[in-house]
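J.: Take a look at my_file34.csv, CSV, N, CA and C atoms:
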chain,number,residue,atom,x,y,z
T,15,GLN,N,-13.1,16.3,18.7
T,15,GLN,CA,-12.7,15.0,18.2
T,15,GLN,C,-11.6,14.4,19.1
T,16,VAL,N,-11.7,13.1,19.1
T,16,VAL,CA,-10.7,12.3,19.9
T,16,VAL,C,-10.1,11.3,18.9
T,17,GLN,N,-8.8,11.2,18.9
T,17,GLN,CA,-8.1,10.2,18.1
T,17,GLN,C,-7.5,9.2,19.0
T,18,LEU,N,-7.6,7.9,18.6
T,18,LEU,CA,-7.1,6.8,19.4
T,18,LEU,C,-6.2,6.0,18.5
T,19,VAL,N,-5.0,5.7,19.0
T,19,VAL,CA,-4.0,4.9,18.3
T,19,VAL,C,-3.6,3.7,19.1
T,20,GLU,N,-3.9,2.5,18.6
T,20,GLU,CA,-3.6,1.3,19.3
T,20,GLU,C,-2.3,0.7,18.8
T,21,SER,N,-1.7,-0.1,19.7
T,21,SER,CA,-0.5,-0.9,19.4
T,21,SER,C,-0.4,-2.1,20.2
T,22,GLY,N,0.4,-3.1,19.8
T,22,GLY,CA,0.7,-4.2,20.7
T,22,GLY,C,0.1,-5.5,20.2
T,23,GLY,N,-0.7,-5.5,19.2
T,23,GLY,CA,-1.2,-6.8,18.7
T,23,GLY,C,-0.2,-7.7,18.1
T,24,GLY,N,-0.6,-8.9,17.8
T,24,GLY,CA,0.3,-9.8,17.2
T,24,GLY,C,-0.1,-11.3,17.3
T,25,LEU,N,0.8,-12.2,17.0
T,25,LEU,CA,0.6,-13.6,17.0
T,25,LEU,C,1.3,-14.2,18.2
T,26,VAL,N,0.6,-15.0,19.0
T,26,VAL,CA,1.1,-15.6,20.2
T,26,VAL,C,0.6,-17.0,20.4
T,27,GLN,N,1.3,-17.9,21.0
T,27,GLN,CA,0.8,-19.2,21.2
T,27,GLN,C,-0.2,-19.3,22.4
T,28,PRO,N,-1.0,-20.3,22.4
T,28,PRO,CA,-2.0,-20.4,23.5
T,28,PRO,C,-1.2,-20.5,24.8
T,29,GLY,N,-1.7,-19.8,25.8
T,29,GLY,CA,-1.1,-19.7,27.1
T,29,GLY,C,-0.1,-18.5,27.2
T,30,GLY,N,0.1,-17.9,26.1
T,30,GLY,CA,1.0,-16.7,26.1
T,30,GLY,C,0.4,-15.4,26.6
T,31,SER,N,1.1,-14.4,26.5
T,31,SER,CA,0.7,-13.1,27.0
T,31,SER,C,0.9,-12.0,25.9
T,32,LEU,N,0.1,-11.0,26.0
T,32,LEU,CA,0.3,-9.8,25.1
T,32,LEU,C,-0.2,-8.6,25.9
T,33,ARG,N,0.4,-7.4,25.5
T,33,ARG,CA,-0.1,-6.2,26.1
T,33,ARG,C,-0.5,-5.2,25.0
T,34,LEU,N,-1.7,-4.7,25.0
T,34,LEU,CA,-2.2,-3.8,24.1
T,34,LEU,C,-2.1,-2.4,24.7
T,35,SER,N,-1.8,-1.4,23.9
T,35,SER,CA,-1.8,0.0,24.4
T,35,SER,C,-2.6,0.9,23.5
T,36,CYS,N,-3.2,1.9,24.1
T,36,CYS,CA,-4.0,2.8,23.3
T,36,CYS,C,-3.7,4.2,23.8
T,37,ALA,N,-3.4,5.1,22.9
T,37,ALA,CA,-3.1,6.5,23.3
T,37,ALA,C,-4.2,7.4,22.7
T,38,ALA,N,-4.8,8.2,23.5
T,38,ALA,CA,-5.8,9.1,23.1
T,38,ALA,C,-5.3,10.5,23.0
T,39,SER,N,-5.8,11.3,22.0
T,39,SER,CA,-5.4,12.7,21.9
T,39,SER,C,-6.6,13.5,21.3
T,40,GLY,N,-6.5,14.8,21.5
T,40,GLY,CA,-7.6,15.6,21.0
T,40,GLY,C,-8.3,16.2,22.2
T,41,SER,N,-9.6,16.3,22.0
T,41,SER,CA,-10.5,16.9,23.0
T,41,SER,C,-10.9,15.9,24.1
T,42,ILE,N,-10.0,15.7,25.0
T,42,ILE,CA,-10.2,14.7,26.0
T,42,ILE,C,-11.0,15.3,27.2
T,43,ASN,N,-12.2,14.7,27.5
T,43,ASN,CA,-12.9,15.2,28.7
T,43,ASN,C,-12.2,14.7,30.0
T,44,SER,N,-12.4,15.4,31.0
T,44,SER,CA,-11.7,15.0,32.3
T,44,SER,C,-12.4,13.8,32.9
T,45,VAL,N,-13.6,13.6,32.6
T,45,VAL,CA,-14.3,12.4,33.1
T,45,VAL,C,-14.7,11.6,31.9
T,46,ASN,N,-14.1,10.4,31.8
T,46,ASN,CA,-14.4,9.6,30.6
T,46,ASN,C,-14.2,8.1,30.9
T,47,ILE,N,-14.6,7.3,30.0
T,47,ILE,CA,-14.5,5.8,30.1
T,47,ILE,C,-13.7,5.4,28.9
T,48,MET,N,-12.6,4.7,29.1
T,48,MET,CA,-11.9,4.1,28.0
T,48,MET,C,-11.9,2.5,28.2
T,49,GLY,N,-11.8,1.9,27.1
T,49,GLY,CA,-11.9,0.4,27.1
T,49,GLY,C,-11.5,-0.3,25.9
T,50,TRP,N,-11.6,-1.6,25.9
T,50,TRP,CA,-11.3,-2.4,24.8
T,50,TRP,C,-12.5,-3.3,24.4
T,51,TYR,N,-12.7,-3.4,23.2
T,51,TYR,CA,-13.7,-4.3,22.6
T,51,TYR,C,-13.0,-5.2,21.6
T,52,ARG,N,-13.7,-6.2,21.2
T,52,ARG,CA,-13.1,-7.1,20.2
T,52,ARG,C,-14.1,-7.7,19.3
T,53,GLN,N,-13.7,-8.0,18.1
T,53,GLN,CA,-14.6,-8.6,17.1
T,53,GLN,C,-13.9,-9.7,16.3
T,54,ALA,N,-14.4,-10.9,16.5
T,54,ALA,CA,-13.9,-12.0,15.8
T,54,ALA,C,-14.7,-12.2,14.5
T,55,PRO,N,-14.1,-12.9,13.5
T,55,PRO,CA,-14.8,-13.0,12.2
T,55,PRO,C,-16.1,-13.7,12.4
T,56,GLY,N,-17.1,-13.0,11.7
T,56,GLY,CA,-18.5,-13.5,11.8
T,56,GLY,C,-19.2,-13.3,13.0
T,57,ARG,N,-18.6,-12.5,14.0
T,57,ARG,CA,-19.3,-12.3,15.2
T,57,ARG,C,-19.4,-10.8,15.5
T,58,ALA,N,-20.3,-10.4,16.4
T,58,ALA,CA,-20.5,-9.0,16.7
T,58,ALA,C,-19.4,-8.5,17.6
T,59,ARG,N,-19.2,-7.2,17.6
T,59,ARG,CA,-18.2,-6.6,18.5
T,59,ARG,C,-18.7,-6.8,19.9
T,60,GLU,N,-17.7,-7.1,20.8
T,60,GLU,CA,-18.1,-7.4,22.2
T,60,GLU,C,-17.2,-6.7,23.1
T,61,LEU,N,-17.7,-6.3,24.3
T,61,LEU,CA,-16.9,-5.7,25.3
T,61,LEU,C,-15.9,-6.7,25.9
T,62,VAL,N,-14.6,-6.1,26.1
T,62,VAL,CA,-13.6,-6.9,26.8
T,62,VAL,C,-13.4,-6.3,28.2
T,63,ALA,N,-13.1,-5.0,28.2
T,63,ALA,CA,-12.9,-4.4,29.5
T,63,ALA,C,-13.0,-2.9,29.4
T,64,THR,N,-13.5,-2.2,30.5
T,64,THR,CA,-13.5,-0.8,30.5
T,64,THR,C,-13.0,-0.3,31.8
T,65,ILE,N,-12.5,1.0,31.8
T,65,ILE,CA,-12.0,1.6,33.0
T,65,ILE,C,-12.4,3.1,33.0
T,66,THR,N,-12.8,3.6,34.1
T,66,THR,CA,-13.2,5.0,34.2
T,66,THR,C,-12.0,5.8,34.6
T,67,THR,N,-12.1,7.1,34.6
T,67,THR,CA,-11.1,8.0,35.0
T,67,THR,C,-10.8,7.9,36.5
T,68,SER,N,-11.8,7.3,37.3
T,68,SER,CA,-11.6,7.0,38.7
T,68,SER,C,-11.1,5.6,38.9
T,69,ASP,N,-10.8,4.9,37.8
T,69,ASP,CA,-10.2,3.5,37.9
T,69,ASP,C,-11.2,2.5,38.3
T,70,THR,N,-12.5,2.7,38.0
T,70,THR,CA,-13.5,1.7,38.2
T,70,THR,C,-13.4,0.8,36.9
T,71,THR,N,-13.3,-0.5,37.1
T,71,THR,CA,-13.1,-1.4,36.0
T,71,THR,C,-14.3,-2.3,35.8
T,72,ASN,N,-14.5,-2.8,34.6
T,72,ASN,CA,-15.5,-3.8,34.2
T,72,ASN,C,-14.9,-4.7,33.2
T,73,TYR,N,-15.2,-6.0,33.4
T,73,TYR,CA,-14.6,-7.0,32.5
T,73,TYR,C,-15.7,-8.0,32.0
T,74,ALA,N,-15.5,-8.5,30.8
T,74,ALA,CA,-16.3,-9.5,30.3
T,74,ALA,C,-16.0,-10.8,31.1
T,75,ASP,N,-17.0,-11.6,31.4
T,75,ASP,CA,-16.8,-12.9,32.1
T,75,ASP,C,-15.7,-13.7,31.5
T,76,SER,N,-15.6,-13.7,30.2
T,76,SER,CA,-14.7,-14.6,29.5
T,76,SER,C,-13.2,-14.2,29.7
T,77,VAL,N,-13.0,-13.0,30.1
T,77,VAL,CA,-11.6,-12.6,30.3
T,77,VAL,C,-11.2,-12.2,31.8
T,78,ARG,N,-12.2,-12.2,32.6
T,78,ARG,CA,-12.0,-11.8,34.0
T,78,ARG,C,-11.0,-12.8,34.6
T,79,GLY,N,-10.0,-12.3,35.3
T,79,GLY,CA,-8.9,-13.1,35.9
T,79,GLY,C,-7.8,-13.4,35.0
T,80,ARG,N,-7.9,-13.1,33.7
T,80,ARG,CA,-6.8,-13.3,32.8
T,80,ARG,C,-6.3,-12.0,32.2
T,81,PHE,N,-7.2,-11.0,32.0
T,81,PHE,CA,-6.9,-9.7,31.5
T,81,PHE,C,-7.0,-8.7,32.6
T,82,THR,N,-6.1,-7.7,32.4
T,82,THR,CA,-6.1,-6.5,33.4
T,82,THR,C,-6.0,-5.2,32.6
T,83,ILE,N,-7.0,-4.4,32.8
T,83,ILE,CA,-7.0,-3.1,32.2
T,83,ILE,C,-6.5,-2.0,33.2
T,84,SER,N,-5.8,-1.1,32.7
T,84,SER,CA,-5.2,0.0,33.5
T,84,SER,C,-5.1,1.3,32.6
T,85,ARG,N,-4.9,2.4,33.3
T,85,ARG,CA,-4.8,3.6,32.5
T,85,ARG,C,-3.9,4.6,33.2
T,86,ASP,N,-3.4,5.6,32.4
T,86,ASP,CA,-2.6,6.7,32.9
T,86,ASP,C,-3.4,7.9,32.5
T,87,ASN,N,-4.0,8.6,33.4
T,87,ASN,CA,-4.8,9.8,33.0
T,87,ASN,C,-4.0,10.9,32.6
T,88,ALA,N,-2.8,11.0,33.1
T,88,ALA,CA,-1.9,12.1,32.7
T,88,ALA,C,-1.5,12.0,31.3
T,89,GLU,N,-1.3,10.7,30.8
T,89,GLU,CA,-0.8,10.5,29.5
T,89,GLU,C,-2.0,10.1,28.5
T,90,ASN,N,-3.2,10.0,29.1
T,90,ASN,CA,-4.4,9.6,28.3
T,90,ASN,C,-4.1,8.3,27.6
T,91,THR,N,-3.6,7.3,28.3
T,91,THR,CA,-3.4,6.0,27.7
T,91,THR,C,-4.1,4.9,28.5
T,92,VAL,N,-4.5,3.9,27.8
T,92,VAL,CA,-5.1,2.7,28.5
T,92,VAL,C,-4.3,1.5,28.0
T,93,LEU,N,-4.1,0.6,28.9
T,93,LEU,CA,-3.4,-0.7,28.6
T,93,LEU,C,-4.3,-1.8,28.9
T,94,LEU,N,-4.1,-2.9,28.1
T,94,LEU,CA,-4.8,-4.2,28.4
T,94,LEU,C,-3.7,-5.2,28.4
T,95,GLN,N,-3.4,-5.7,29.6
T,95,GLN,CA,-2.5,-6.8,29.8
T,95,GLN,C,-3.3,-8.1,29.7
T,96,MET,N,-2.9,-9.0,28.8
T,96,MET,CA,-3.6,-10.2,28.6
T,96,MET,C,-2.7,-11.4,28.9
T,97,HIS,N,-3.1,-12.3,29.7
T,97,HIS,CA,-2.4,-13.5,30.1
T,97,HIS,C,-3.3,-14.7,29.8
T,98,SER,N,-2.6,-15.9,29.8
T,98,SER,CA,-3.3,-17.2,29.6
T,98,SER,C,-4.2,-17.1,28.3
T,99,LEU,N,-3.7,-16.6,27.2
T,99,LEU,CA,-4.5,-16.4,26.0
T,99,LEU,C,-4.9,-17.7,25.4
T,100,LYS,N,-6.1,-17.7,24.9
T,100,LYS,CA,-6.7,-18.9,24.3
T,100,LYS,C,-7.0,-18.6,22.8
T,101,PRO,N,-7.2,-19.6,22.0
T,101,PRO,CA,-7.5,-19.4,20.6
T,101,PRO,C,-8.8,-18.6,20.4
T,102,GLU,N,-9.7,-18.7,21.4
T,102,GLU,CA,-11.0,-18.0,21.3
T,102,GLU,C,-10.8,-16.5,21.6
T,103,ASP,N,-9.6,-16.1,22.0
T,103,ASP,CA,-9.3,-14.7,22.2
T,103,ASP,C,-8.9,-14.0,20.9
T,104,THR,N,-8.8,-14.8,19.8
T,104,THR,CA,-8.4,-14.3,18.5
T,104,THR,C,-9.5,-13.3,18.0
T,105,ALA,N,-9.1,-12.1,17.7
T,105,ALA,CA,-10.0,-11.1,17.2
T,105,ALA,C,-9.3,-9.8,16.9
T,106,VAL,N,-10.0,-8.9,16.3
T,106,VAL,CA,-9.4,-7.5,16.2
T,106,VAL,C,-9.9,-6.8,17.4
T,107,TYR,N,-8.9,-6.2,18.1
T,107,TYR,CA,-9.2,-5.5,19.3
T,107,TYR,C,-9.3,-4.0,19.1
T,108,TYR,N,-10.3,-3.4,19.5
T,108,TYR,CA,-10.6,-2.0,19.3
T,108,TYR,C,-10.5,-1.2,20.6
T,109,CYS,N,-9.8,-0.1,20.6
T,109,CYS,CA,-9.8,0.8,21.7
T,109,CYS,C,-11.1,1.8,21.6
T,110,ASN,N,-11.7,2.1,22.7
T,110,ASN,CA,-12.8,2.9,22.7
T,110,ASN,C,-12.7,4.0,23.8
T,111,TYR,N,-13.1,5.2,23.4
T,111,TYR,CA,-13.2,6.3,24.4
T,111,TYR,C,-14.6,6.8,24.4
T,112,ARG,N,-15.1,7.1,25.6
T,112,ARG,CA,-16.5,7.6,25.7
T,112,ARG,C,-16.5,8.7,26.7
T,113,ALA,N,-17.0,9.9,26.3
T,113,ALA,CA,-17.1,11.0,27.3
T,113,ALA,C,-18.3,10.6,28.2
T,114,TYR,N,-18.0,10.7,29.5
T,114,TYR,CA,-19.0,10.2,30.5
T,114,TYR,C,-20.3,11.0,30.5
T,115,ILE,N,-20.3,12.3,30.3
T,115,ILE,CA,-21.6,13.0,30.4
T,115,ILE,C,-22.3,13.0,29.0
T,116,SER,N,-21.6,13.3,27.9
T,116,SER,CA,-22.3,13.4,26.6
T,116,SER,C,-22.5,12.0,26.0
T,117,GLY,N,-21.7,11.1,26.4
T,117,GLY,CA,-21.8,9.7,25.8
T,117,GLY,C,-21.1,9.6,24.5
T,118,ARG,N,-20.6,10.7,23.9
T,118,ARG,CA,-20.0,10.6,22.6
T,118,ARG,C,-18.8,9.7,22.7
T,119,ALA,N,-18.7,8.8,21.6
T,119,ALA,CA,-17.7,7.8,21.7
T,119,ALA,C,-16.9,7.8,20.4
T,120,TYR,N,-15.7,7.3,20.5
T,120,TYR,CA,-14.7,7.2,19.4
T,120,TYR,C,-14.1,5.8,19.5
T,121,TRP,N,-13.6,5.4,18.3
T,121,TRP,CA,-13.0,4.1,18.1
T,121,TRP,C,-11.6,4.2,17.5
T,122,GLY,N,-10.7,3.4,17.9
T,122,GLY,CA,-9.4,3.2,17.3
T,122,GLY,C,-9.6,2.4,16.0
T,123,GLN,N,-8.5,2.2,15.3
T,123,GLN,CA,-8.5,1.5,14.0
T,123,GLN,C,-8.5,0.0,14.2
T,124,GLY,N,-8.2,-0.4,15.3
T,124,GLY,CA,-8.2,-1.9,15.6
T,124,GLY,C,-6.8,-2.5,15.5
T,125,THR,N,-6.5,-3.5,16.3
T,125,THR,CA,-5.2,-4.2,16.2
T,125,THR,C,-5.5,-5.7,16.3
T,126,GLN,N,-4.9,-6.5,15.4
T,126,GLN,CA,-5.2,-7.9,15.3
T,126,GLN,C,-4.4,-8.7,16.4
T,127,VAL,N,-5.2,-9.5,17.1
T,127,VAL,CA,-4.6,-10.4,18.1
T,127,VAL,C,-4.9,-11.8,17.6
T,128,THR,N,-3.9,-12.7,17.4
T,128,THR,CA,-4.1,-14.0,16.9
T,128,THR,C,-3.4,-15.0,17.9
T,129,ILE,N,-4.2,-15.9,18.4
T,129,ILE,CA,-3.7,-17.0,19.3
T,129,ILE,C,-3.7,-18.3,18.6
T,130,SER,N,-2.6,-18.8,18.3
T,130,SER,CA,-2.5,-20.0,17.5
T,130,SER,C,-1.1,-20.7,17.7
T,131,SER,N,-1.1,-22.0,17.7
T,131,SER,CA,0.1,-22.7,17.8
T,131,SER,C,0.7,-23.0,16.4
What would the structure in this file look like if it were written as structure tokens?

T.:
Amino acid sequence: QVQLVESGGGLVQPGGSLRLSCAASGSINSVNIMGWYRQAPGRARELVATITTSDTTNYADSVRGRFTISRDNAENTVLLQMHSLKPEDTAVYYCNYRAYISGRAYWGQGTQVTISS
């Protein structure tokens, strides 16, 4: 089992910045992919960004250039730095962990991000 605890959500004005953090604990595989997904009301959950243990990153087109994902393998944490936030970034953001070989995945409880003036 892997437990994921997210923090850092909140309310910010358009154009502002936020940083989300996710800490993983439990049976962590040495090769894994961690990332962030989001779900807005009435919409399906969608990928935001992922990062492998070798720091290979992948971003959704809608956030590329505005968001940066990073990780600390020693601490089993993943960060999502978000800049130039837009109202359409409003969603519940979920941390995800996936073991690279088995594909077994776990989700955090989610953190609300609201972009509004």

J.: Using all atoms listed in the file, which residues sit within 6 Å of Ala54 (chain T) once same-chain residues fewer than 4 positions away are excluded, as a PyMOL selection string?

T.: chain T and resi 58+104-106

J.: When distances are computed from only C-alpha atoms, which of T:Ile115, T:Val26, T:Val45, T:Leu34 shows the smallest separation from Thr82 (chain T)?

T.: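 For Thr82 (chain T), the nearest of the given residues is T:Leu34.
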
J.: Which distance in Å separates CA of Ser130 (chain T) and CA of Pro55 (chain T), to one decimal?

T.: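 Atom-to-atom, CA of Ser130 (chain T) and CA of Pro55 (chain T) are spaced 15.1 Å apart.
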
J.: Pick the closest to Ser21 (chain T) from T:Asn43, T:Ser35, T:Gln126, T:Thr91: which is it, counting only C-alpha atoms?

T.: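 Result for the nearest residue to Ser21 (chain T): T:Ser35.
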
J.: What lies within 8 Å of Arg33 (chain T) using only N, CA and C atoms, ignoring chain neighbours under 2 positions off, as an mmCIF file with N, CA and C atoms, keeping the file's coordinate frame?

T.:
data_model
loop_
_atom_site.group_PDB
_atom_site.id
_atom_site.type_symbol
_atom_site.label_atom_id
_atom_site.label_comp_id
_atom_site.auth_asym_id
_atom_site.auth_seq_id
_atom_site.Cartn_x
_atom_site.Cartn_y
_atom_site.Cartn_z
ATOM 1 N N SER T 21 -1.700 -0.100 19.700
ATOM 2 C CA SER T 21 -0.500 -0.900 19.400
ATOM 3 C C SER T 21 -0.400 -2.100 20.200
ATOM 4 N N GLY T 22 0.400 -3.100 19.800
ATOM 5 C CA GLY T 22 0.700 -4.200 20.700
ATOM 6 C C GLY T 22 0.100 -5.500 20.200
ATOM 7 N N GLY T 23 -0.700 -5.500 19.200
ATOM 8 C CA GLY T 23 -1.200 -6.800 18.700
ATOM 9 C C GLY T 23 -0.200 -7.700 18.100
ATOM 10 N N GLY T 24 -0.600 -8.900 17.800
ATOM 11 C CA GLY T 24 0.300 -9.800 17.200
ATOM 12 C C GLY T 24 -0.100 -11.300 17.300
ATOM 13 N N SER T 31 1.100 -14.400 26.500
ATOM 14 C CA SER T 31 0.700 -13.100 27.000
ATOM 15 C C SER T 31 0.900 -12.000 25.900
ATOM 16 N N SER T 35 -1.800 -1.400 23.900
ATOM 17 C CA SER T 35 -1.800 0.000 24.400
ATOM 18 C C SER T 35 -2.600 0.900 23.500
ATOM 19 N N CYS T 36 -3.200 1.900 24.100
ATOM 20 C CA CYS T 36 -4.000 2.800 23.300
ATOM 21 C C CYS T 36 -3.700 4.200 23.800
ATOM 22 N N LEU T 93 -4.100 0.600 28.900
ATOM 23 C CA LEU T 93 -3.400 -0.700 28.600
ATOM 24 C C LEU T 93 -4.300 -1.800 28.900
ATOM 25 N N LEU T 94 -4.100 -2.900 28.100
ATOM 26 C CA LEU T 94 -4.800 -4.200 28.400
ATOM 27 C C LEU T 94 -3.700 -5.200 28.400
ATOM 28 N N GLN T 95 -3.400 -5.700 29.600
ATOM 29 C CA GLN T 95 -2.500 -6.800 29.800
ATOM 30 C C GLN T 95 -3.300 -8.100 29.700
ATOM 31 N N MET T 96 -2.900 -9.000 28.800
ATOM 32 C CA MET T 96 -3.600 -10.200 28.600
ATOM 33 C C MET T 96 -2.700 -11.400 28.900
ATOM 34 N N HIS T 97 -3.100 -12.300 29.700
ATOM 35 C CA HIS T 97 -2.400 -13.500 30.100
ATOM 36 C C HIS T 97 -3.300 -14.700 29.800
#

J.: Which distance in Å separates CA of Thr125 (chain T) and CA of Tyr108 (chain T), to one decimal?

T.: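 These two atoms are separated by 6.6 Å.
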
J.: Here is a test: counting only C-alpha atoms, which residue of T:Ser131, T:Gln123, T:Asn90, T:Thr66 is nearest to Gly49 (chain T)?

T.: T:Thr66

J.: Atom N of Gly122 (chain T) and atom N of Ile47 (chain T), how far apart in Å?

T.: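 For atom N of Ile47 (chain T) relative to atom N of Gly122 (chain T), the distance reads 13.3 Å.
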
J.: Between T:Leu99, T:Arg59, T:Glu89, T:Tyr120, which has the minimum distance to Ala37 (chain T) (counting all atoms listed in the file)?

T.: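 Closest candidate: T:Glu89.
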
J.: Supply region 22-42 of chain T as a PDB file, keeping the file's coordinate frame, with N, CA, C and O atoms built in where the input has gaps.

T.:
ATOM      1  N   GLY T  22       0.400  -3.100  19.800  1.00  0.00           N
ATOM      2  CA  GLY T  22       0.700  -4.200  20.700  1.00  0.00           C
ATOM      3  C   GLY T  22       0.100  -5.500  20.200  1.00  0.00           C
ATOM      4  O   GLY T  22       0.329  -6.543  20.872  1.00  0.00           O
ATOM      5  N   GLY T  23      -0.700  -5.500  19.200  1.00  0.00           N
ATOM      6  CA  GLY T  23      -1.200  -6.800  18.700  1.00  0.00           C
ATOM      7  C   GLY T  23      -0.200  -7.700  18.100  1.00  0.00           C
ATOM      8  O   GLY T  23       0.969  -7.324  17.968  1.00  0.00           O
ATOM      9  N   GLY T  24      -0.600  -8.900  17.800  1.00  0.00           N
ATOM     10  CA  GLY T  24       0.300  -9.800  17.200  1.00  0.00           C
ATOM     11  C   GLY T  24      -0.100 -11.300  17.300  1.00  0.00           C
ATOM     12  O   GLY T  24      -1.255 -11.562  17.634  1.00  0.00           O
ATOM     13  N   LEU T  25       0.800 -12.200  17.000  1.00  0.00           N
ATOM     14  CA  LEU T  25       0.600 -13.600  17.000  1.00  0.00           C
ATOM     15  C   LEU T  25       1.300 -14.200  18.200  1.00  0.00           C
ATOM     16  O   LEU T  25       2.480 -13.940  18.462  1.00  0.00           O
ATOM     17  N   VAL T  26       0.600 -15.000  19.000  1.00  0.00           N
ATOM     18  CA  VAL T  26       1.100 -15.600  20.200  1.00  0.00           C
ATOM     19  C   VAL T  26       0.600 -17.000  20.400  1.00  0.00           C
ATOM     20  O   VAL T  26      -0.581 -17.249  19.933  1.00  0.00           O
ATOM     21  N   GLN T  27       1.300 -17.900  21.000  1.00  0.00           N
ATOM     22  CA  GLN T  27       0.800 -19.200  21.200  1.00  0.00           C
ATOM     23  C   GLN T  27      -0.200 -19.300  22.400  1.00  0.00           C
ATOM     24  O   GLN T  27      -0.143 -18.422  23.259  1.00  0.00           O
ATOM     25  N   PRO T  28      -1.000 -20.300  22.400  1.00  0.00           N
ATOM     26  CA  PRO T  28      -2.000 -20.400  23.500  1.00  0.00           C
ATOM     27  C   PRO T  28      -1.200 -20.500  24.800  1.00  0.00           C
ATOM     28  O   PRO T  28      -0.133 -21.124  24.913  1.00  0.00           O
ATOM     29  N   GLY T  29      -1.700 -19.800  25.800  1.00  0.00           N
ATOM     30  CA  GLY T  29      -1.100 -19.700  27.100  1.00  0.00           C
ATOM     31  C   GLY T  29      -0.100 -18.500  27.200  1.00  0.00           C
ATOM     32  O   GLY T  29       0.336 -18.248  28.339  1.00  0.00           O
ATOM     33  N   GLY T  30       0.100 -17.900  26.100  1.00  0.00           N
ATOM     34  CA  GLY T  30       1.000 -16.700  26.100  1.00  0.00           C
ATOM     35  C   GLY T  30       0.400 -15.400  26.600  1.00  0.00           C
ATOM     36  O   GLY T  30      -0.798 -15.430  27.034  1.00  0.00           O
ATOM     37  N   SER T  31       1.100 -14.400  26.500  1.00  0.00           N
ATOM     38  CA  SER T  31       0.700 -13.100  27.000  1.00  0.00           C
ATOM     39  C   SER T  31       0.900 -12.000  25.900  1.00  0.00           C
ATOM     40  O   SER T  31       1.851 -12.141  25.070  1.00  0.00           O
ATOM     41  N   LEU T  32       0.100 -11.000  26.000  1.00  0.00           N
ATOM     42  CA  LEU T  32       0.300  -9.800  25.100  1.00  0.00           C
ATOM     43  C   LEU T  32      -0.200  -8.600  25.900  1.00  0.00           C
ATOM     44  O   LEU T  32      -1.013  -8.694  26.766  1.00  0.00           O
ATOM     45  N   ARG T  33       0.400  -7.400  25.500  1.00  0.00           N
ATOM     46  CA  ARG T  33      -0.100  -6.200  26.100  1.00  0.00           C
ATOM     47  C   ARG T  33      -0.500  -5.200  25.000  1.00  0.00           C
ATOM     48  O   ARG T  33       0.323  -4.965  24.072  1.00  0.00           O
ATOM     49  N   LEU T  34      -1.700  -4.700  25.000  1.00  0.00           N
ATOM     50  CA  LEU T  34      -2.200  -3.800  24.100  1.00  0.00           C
ATOM     51  C   LEU T  34      -2.100  -2.400  24.700  1.00  0.00           C
ATOM     52  O   LEU T  34      -2.405  -2.221  25.929  1.00  0.00           O
ATOM     53  N   SER T  35      -1.800  -1.400  23.900  1.00  0.00           N
ATOM     54  CA  SER T  35      -1.800   0.000  24.400  1.00  0.00           C
ATOM     55  C   SER T  35      -2.600   0.900  23.500  1.00  0.00           C
ATOM     56  O   SER T  35      -2.677   0.638  22.271  1.00  0.00           O
ATOM     57  N   CYS T  36      -3.200   1.900  24.100  1.00  0.00           N
ATOM     58  CA  CYS T  36      -4.000   2.800  23.300  1.00  0.00           C
ATOM     59  C   CYS T  36      -3.700   4.200  23.800  1.00  0.00           C
ATOM     60  O   CYS T  36      -3.856   4.488  25.021  1.00  0.00           O
ATOM     61  N   ALA T  37      -3.400   5.100  22.900  1.00  0.00           N
ATOM     62  CA  ALA T  37      -3.100   6.500  23.300  1.00  0.00           C
ATOM     63  C   ALA T  37      -4.200   7.400  22.700  1.00  0.00           C
ATOM     64  O   ALA T  37      -4.483   7.328  21.488  1.00  0.00           O
ATOM     65  N   ALA T  38      -4.800   8.200  23.500  1.00  0.00           N
ATOM     66  CA  ALA T  38      -5.800   9.100  23.100  1.00  0.00           C
ATOM     67  C   ALA T  38      -5.300  10.500  23.000  1.00  0.00           C
ATOM     68  O   ALA T  38      -4.461  10.950  23.833  1.00  0.00           O
ATOM     69  N   SER T  39      -5.800  11.300  22.000  1.00  0.00           N
ATOM     70  CA  SER T  39      -5.400  12.700  21.900  1.00  0.00           C
ATOM     71  C   SER T  39      -6.600  13.500  21.300  1.00  0.00           C
ATOM     72  O   SER T  39      -7.521  12.895  20.839  1.00  0.00           O
ATOM     73  N   GLY T  40      -6.500  14.800  21.500  1.00  0.00           N
ATOM     74  CA  GLY T  40      -7.600  15.600  21.000  1.00  0.00           C
ATOM     75  C   GLY T  40      -8.300  16.200  22.200  1.00  0.00           C
ATOM     76  O   GLY T  40      -7.787  16.543  23.199  1.00  0.00           O
ATOM     77  N   SER T  41      -9.600  16.300  22.000  1.00  0.00           N
ATOM     78  CA  SER T  41     -10.500  16.900  23.000  1.00  0.00           C
ATOM     79  C   SER T  41     -10.900  15.900  24.100  1.00  0.00           C
ATOM     80  O   SER T  41     -12.037  15.391  24.054  1.00  0.00           O
ATOM     81  N   ILE T  42     -10.000  15.700  25.000  1.00  0.00           N
ATOM     82  CA  ILE T  42     -10.200  14.700  26.000  1.00  0.00           C
ATOM     83  C   ILE T  42     -11.000  15.300  27.200  1.00  0.00           C
ATOM     84  O   ILE T  42     -10.586  16.316  27.770  1.00  0.00           O
TER      85      ILE T  42
END
